[in-house]
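Asker: Please find one structure pasted underneath; my questions will follow.
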Amino acid sequence: MTTQAPRPPLPPFTAETAVEKVRLAEDGWNGRDPAKVALAYTTNSTWRNRAEFVTGRTEIEAFLTRKWAKELDYRLIKELWAYAGNRIAVRYAYEYHDDSGNWFRAYGNENWEFDENGLMAHRHASINEHPIAEEDRKFRWPLGRRPDDHPGLSHFGF
């Protein structure tokens with residue numbers, strides 16, 4: 001049971017609403033506000049993120065706070081991979097640097113399951129990353145939402 005108003009688009013998803021949901025998630029994560037992002041999840045949402053298991057908004061907010069404290073100048077692109085009913089699969093890449101100025105690019109896949117109110121109830125993420133040179137960065141828009149005219153993952157072959 002949720003105490004939050006619905007977060008459209010709601011399942012069952014169409015191709016159009018799945019793309020919209022993915023972009024809304026990307027925009028939220030690029031805003032890097034853990035408390036705001038956590039509101040997109042059910043109060044008892046469960047995550048598997050690499051080898052870490054997270055349950056509930058409080059843990060999600062703490063996880064994201066830790067993440068963005070060490071992954072500086074974080075920029076993310078998500079792309080719809082598949083959808084059916086109340087589930088969406090995405091692939092994504094993000095770039096960030098650590099506090100020593102070392103840049104990284106991470107690639108991943110996520111499987112999402114939503115409740116009837118459009119809140120994410122389950123998130124399963126598989127991620128790998130590697131160091132990159134600063135000059136090899138691809139995501140160079142100003143911090144925040146990716147501009148609509150910025151290329152997506154397929155453009156880069158990611």
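Letters A, B, ... mark the chains of the structure tokens in the order given; residue numbers begin at 1 per chain; ligand numbers begin at 1, in order shown.
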Find the nearest atom pair between each residue of segment 2-48 of chain A and segment 139-150 of chain A for residues within 12 Å, count only C-alpha atoms, give distances in Å to one decimal, sort rows by chain and ascending number, and present the table as CSV.
Answerer:
residue,atom,partner,partner_atom,distance
A:Arg23,CA,A:Arg146,CA,9.5
A:Leu24,CA,A:Arg145,CA,9.7
A:Ala25,CA,A:Arg145,CA,10.6
A:Glu26,CA,A:Arg145,CA,7.9
A:Asp27,CA,A:Arg145,CA,5.2
A:Gly28,CA,A:Arg145,CA,8.0
A:Trp29,CA,A:Gly144,CA,8.7
A:Asn30,CA,A:Gly144,CA,5.1
A:Gly31,CA,A:Gly144,CA,5.0
A:Arg32,CA,A:Gly144,CA,7.8
A:Asp33,CA,A:Gly144,CA,10.3
Asker: Using only C-alpha atoms, determine which residues lie at most 9 Å from Lys21 of chain A, disregarding the query and same-chain residues fewer than 3 positions distant; provide the list as a compact mmCIF listing (two decimals) with N, CA and C atoms, in the first residue's frame.
Answerer:
# COMPACT_ATOMS: atom_id res chain seq x y z
N PRO A 8 2.45 8.78 -12.94
CA PRO A 8 2.31 8.38 -14.35
C PRO A 8 3.65 8.48 -15.08
N PRO A 9 3.76 7.76 -16.18
CA PRO A 9 2.75 6.86 -16.72
C PRO A 9 2.60 5.59 -15.89
N LEU A 10 1.42 5.04 -15.95
CA LEU A 10 1.08 3.87 -15.15
C LEU A 10 1.05 2.62 -16.03
N PHE A 13 2.24 -0.74 -19.62
CA PHE A 13 2.98 0.20 -20.46
C PHE A 13 2.78 -0.10 -21.94
N GLU A 16 5.21 3.88 -26.11
CA GLU A 16 5.35 5.31 -25.81
C GLU A 16 5.48 5.58 -24.32
N THR A 17 4.64 4.95 -23.49
CA THR A 17 4.70 5.23 -22.06
C THR A 17 5.92 4.59 -21.41
N ALA A 18 6.40 3.48 -21.94
CA ALA A 18 7.64 2.88 -21.42
C ALA A 18 8.82 3.80 -21.68
N LEU A 24 11.91 9.68 -17.59
CA LEU A 24 11.65 10.27 -16.28
C LEU A 24 12.63 9.74 -15.23
N ALA A 25 12.91 8.43 -15.29
CA ALA A 25 13.89 7.85 -14.36
C ALA A 25 15.28 8.44 -14.61
N GLU A 26 15.68 8.53 -15.88
CA GLU A 26 16.97 9.14 -16.21
C GLU A 26 17.06 10.56 -15.69
N ILE A 88 9.61 -3.15 -17.15
CA ILE A 88 10.44 -2.47 -18.14
C ILE A 88 11.88 -2.94 -17.94
N GLY A 118 2.35 3.16 -10.50
CA GLY A 118 3.51 3.61 -11.27
C GLY A 118 4.77 3.78 -10.44
Asker: Within 9 Å of Gly152 of chain A, counting only C-alpha atoms, which residues show up once you throw out same-chain ones fewer than 5 positions away? Write them as a PyMOL selection string, please.
Answerer: chain A and resi 77-79+158
Asker: How would the residues just chosen look if you wrote them out with N, CA and C atoms as an mmCIF file, in the first residue's frame?
Answerer:
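Contents of again_18.cif, freshly written:
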data_model
loop_
_atom_site.group_PDB
_atom_site.id
_atom_site.type_symbol
_atom_site.label_atom_id
_atom_site.label_comp_id
_atom_site.auth_asym_id
_atom_site.auth_seq_id
_atom_site.Cartn_x
_atom_site.Cartn_y
_atom_site.Cartn_z
ATOM 1 N N ILE A 77 22.726 8.091 -19.126
ATOM 2 C CA ILE A 77 21.776 7.916 -20.219
ATOM 3 C C ILE A 77 21.166 6.524 -20.092
ATOM 4 N N LYS A 78 19.825 6.461 -20.122
ATOM 5 C CA LYS A 78 19.090 5.198 -20.100
ATOM 6 C C LYS A 78 18.390 5.023 -21.441
ATOM 7 N N GLU A 79 18.191 3.779 -21.826
ATOM 8 C CA GLU A 79 17.479 3.489 -23.066
ATOM 9 C C GLU A 79 16.599 2.266 -22.856
ATOM 10 N N PHE A 158 26.944 2.108 -27.391
ATOM 11 C CA PHE A 158 27.073 1.538 -26.046
ATOM 12 C C PHE A 158 25.984 0.520 -25.800
#
Asker: One decimal, Å: what's the distance from atom CA of Pro131 of chain A over to atom CA of Glu71 of chain A, could you say?
Answerer: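 Separating atom CA of Pro131 of chain A from atom CA of Glu71 of chain A is a distance of 12.6 Å.
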Asker: What is the atom CA of Pro12 of chain A-atom CA of Arg87 of chain A distance in Å, reported with one decimal?
Answerer: 8.2 Å
Asker: List the spatial neighbours of segment 50-56 of chain A as a short mmCIF file (atom, residue, chain, number, x, y, z; two decimals) with N, CA and C atoms, in the first residue's frame - criterion: any atom at most 10 Å away, only C-alpha atoms, same-chain residues fewer than 4 positions off excluded.
Answerer:
data_model
loop_
_atom_site.label_atom_id
_atom_site.label_comp_id
_atom_site.auth_asym_id
_atom_site.auth_seq_id
_atom_site.Cartn_x
_atom_site.Cartn_y
_atom_site.Cartn_z
N ALA A 38 14.12 8.81 -4.39
CA ALA A 38 13.54 7.73 -3.59
C ALA A 38 12.01 7.72 -3.67
N TYR A 41 9.91 5.19 -5.84
CA TYR A 41 9.89 3.78 -5.46
C TYR A 41 8.85 3.54 -4.37
N THR A 42 8.32 2.34 -4.31
CA THR A 42 7.38 2.01 -3.24
C THR A 42 8.09 2.09 -1.90
N THR A 43 7.32 2.23 -0.84
CA THR A 43 7.92 2.34 0.49
C THR A 43 8.70 1.09 0.87
N ASN A 44 8.36 -0.05 0.27
CA ASN A 44 9.05 -1.31 0.57
C ASN A 44 9.77 -1.86 -0.67
N SER A 45 10.13 -1.00 -1.60
CA SER A 45 10.83 -1.40 -2.82
C SER A 45 12.07 -2.21 -2.50
N THR A 46 12.34 -3.21 -3.34
CA THR A 46 13.56 -4.01 -3.16
C THR A 46 14.46 -3.82 -4.37
N ILE A 60 17.12 3.27 0.15
CA ILE A 60 17.38 3.78 -1.19
C ILE A 60 18.02 5.17 -1.10
N GLU A 61 17.45 6.02 -0.28
CA GLU A 61 18.00 7.37 -0.12
C GLU A 61 19.43 7.32 0.42
N ALA A 62 19.69 6.46 1.39
CA ALA A 62 21.05 6.33 1.94
C ALA A 62 22.02 5.81 0.87
N PHE A 63 21.58 4.82 0.11
CA PHE A 63 22.41 4.27 -0.96
C PHE A 63 22.77 5.36 -1.97
N GLY A 108 25.29 -0.86 -17.82
CA GLY A 108 24.45 -1.76 -17.06
C GLY A 108 23.13 -2.05 -17.71
N ALA A 121 8.54 -1.13 -7.68
CA ALA A 121 8.52 -2.04 -6.54
C ALA A 121 9.78 -2.90 -6.48
N HIS A 122 10.37 -3.19 -7.64
CA HIS A 122 11.58 -4.02 -7.70
C HIS A 122 12.53 -3.46 -8.76
N ARG A 123 13.81 -3.45 -8.41
CA ARG A 123 14.86 -3.01 -9.34
C ARG A 123 16.02 -3.98 -9.23
N HIS A 124 16.37 -4.61 -10.35
CA HIS A 124 17.50 -5.53 -10.40
C HIS A 124 18.51 -4.94 -11.37
N ALA A 125 19.70 -4.60 -10.87
CA ALA A 125 20.70 -3.92 -11.70
C ALA A 125 21.98 -4.76 -11.78
N SER A 126 22.49 -4.87 -12.99
CA SER A 126 23.80 -5.48 -13.24
C SER A 126 24.66 -4.40 -13.88
N ILE A 127 25.84 -4.17 -13.32
CA ILE A 127 26.65 -3.03 -13.73
C ILE A 127 28.12 -3.44 -13.79
N ASN A 128 28.82 -2.93 -14.79
CA ASN A 128 30.28 -3.03 -14.80
C ASN A 128 30.82 -1.69 -15.24
#
Asker: Write out as number ranges by chain all residues of segment 24-152 of chain A that DSSP puts in strand (DSSP E or B) for this structure's backbone.
Answerer: A: 41-49, 52-55, 72-84, 87-97, 103-114, 120-132
Asker: Which of these residues is nearest to Ala5 of chain A, using only C-alpha atoms: A:Asn102, A:Ser154, A:Thr65, A:Asn117?
Answerer: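 Checking each of A:Asn102, A:Ser154, A:Thr65, A:Asn117 against Ala5 of chain A, counting only C-alpha atoms, the winner is A:Asn117.
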Asker: Can you list, as an mmCIF file with N, CA and C atoms, in the first residue's frame, all residues belonging to segment 61-139 of chain A that DSSP tags as helix (DSSP H, G or I)?
Answerer:
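Written out: selection09.cif:
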data_model
loop_
_atom_site.group_PDB
_atom_site.id
_atom_site.type_symbol
_atom_site.label_atom_id
_atom_site.label_comp_id
_atom_site.auth_asym_id
_atom_site.auth_seq_id
_atom_site.Cartn_x
_atom_site.Cartn_y
_atom_site.Cartn_z
ATOM 1 N N GLU A 61 17.452 6.021 -0.276
ATOM 2 C CA GLU A 61 17.999 7.366 -0.120
ATOM 3 C C GLU A 61 19.430 7.316 0.415
ATOM 4 N N ALA A 62 19.694 6.463 1.395
ATOM 5 C CA ALA A 62 21.055 6.334 1.945
ATOM 6 C C ALA A 62 22.020 5.807 0.871
ATOM 7 N N PHE A 63 21.576 4.823 0.111
ATOM 8 C CA PHE A 63 22.409 4.265 -0.959
ATOM 9 C C PHE A 63 22.769 5.355 -1.971
ATOM 10 N N LEU A 64 21.768 6.103 -2.431
ATOM 11 C CA LEU A 64 22.023 7.142 -3.434
ATOM 12 C C LEU A 64 22.884 8.273 -2.871
ATOM 13 N N THR A 65 22.716 8.597 -1.613
ATOM 14 C CA THR A 65 23.554 9.623 -0.973
ATOM 15 C C THR A 65 25.015 9.188 -1.007
ATOM 16 N N ARG A 66 25.283 7.932 -0.644
ATOM 17 C CA ARG A 66 26.656 7.396 -0.695
ATOM 18 C C ARG A 66 27.174 7.374 -2.124
ATOM 19 N N LYS A 67 26.332 6.928 -3.039
ATOM 20 C CA LYS A 67 26.726 6.802 -4.443
ATOM 21 C C LYS A 67 27.185 8.143 -4.993
ATOM 22 N N TRP A 68 26.339 9.161 -4.863
ATOM 23 C CA TRP A 68 26.644 10.441 -5.493
ATOM 24 C C TRP A 68 27.663 11.262 -4.708
ATOM 25 N N ALA A 69 27.991 10.847 -3.485
ATOM 26 C CA ALA A 69 29.086 11.492 -2.748
ATOM 27 C C ALA A 69 30.434 11.046 -3.296
ATOM 28 N N LYS A 70 30.487 9.852 -3.894
ATOM 29 C CA LYS A 70 31.756 9.354 -4.433
ATOM 30 C C LYS A 70 31.805 9.359 -5.959
ATOM 31 N N GLU A 134 39.851 11.405 -19.422
ATOM 32 C CA GLU A 134 38.925 12.537 -19.452
ATOM 33 C C GLU A 134 38.554 12.895 -20.881
ATOM 34 N N GLU A 135 39.519 12.837 -21.779
ATOM 35 C CA GLU A 135 39.235 13.202 -23.174
ATOM 36 C C GLU A 135 38.351 12.184 -23.897
ATOM 37 N N ASP A 136 38.146 10.990 -23.305
ATOM 38 C CA ASP A 136 37.285 9.972 -23.900
ATOM 39 C C ASP A 136 35.838 10.048 -23.412
#
Asker: Mind pulling up the distance from atom CA of Ala40 of chain A to atom CA of Leu119 of chain A?
Answerer: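 Pair atom CA of Leu119 of chain A / atom CA of Ala40 of chain A returns 5.4 Å.
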Asker: For Ala82 of chain A, which residue among A:Val37, A:Ala15, A:Thr58, A:Lys138 is the nearest when counting only C-alpha atoms?
Answerer: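 Looking only at the distances to Ala82 of chain A, the closest residue turns out to be A:Ala15.
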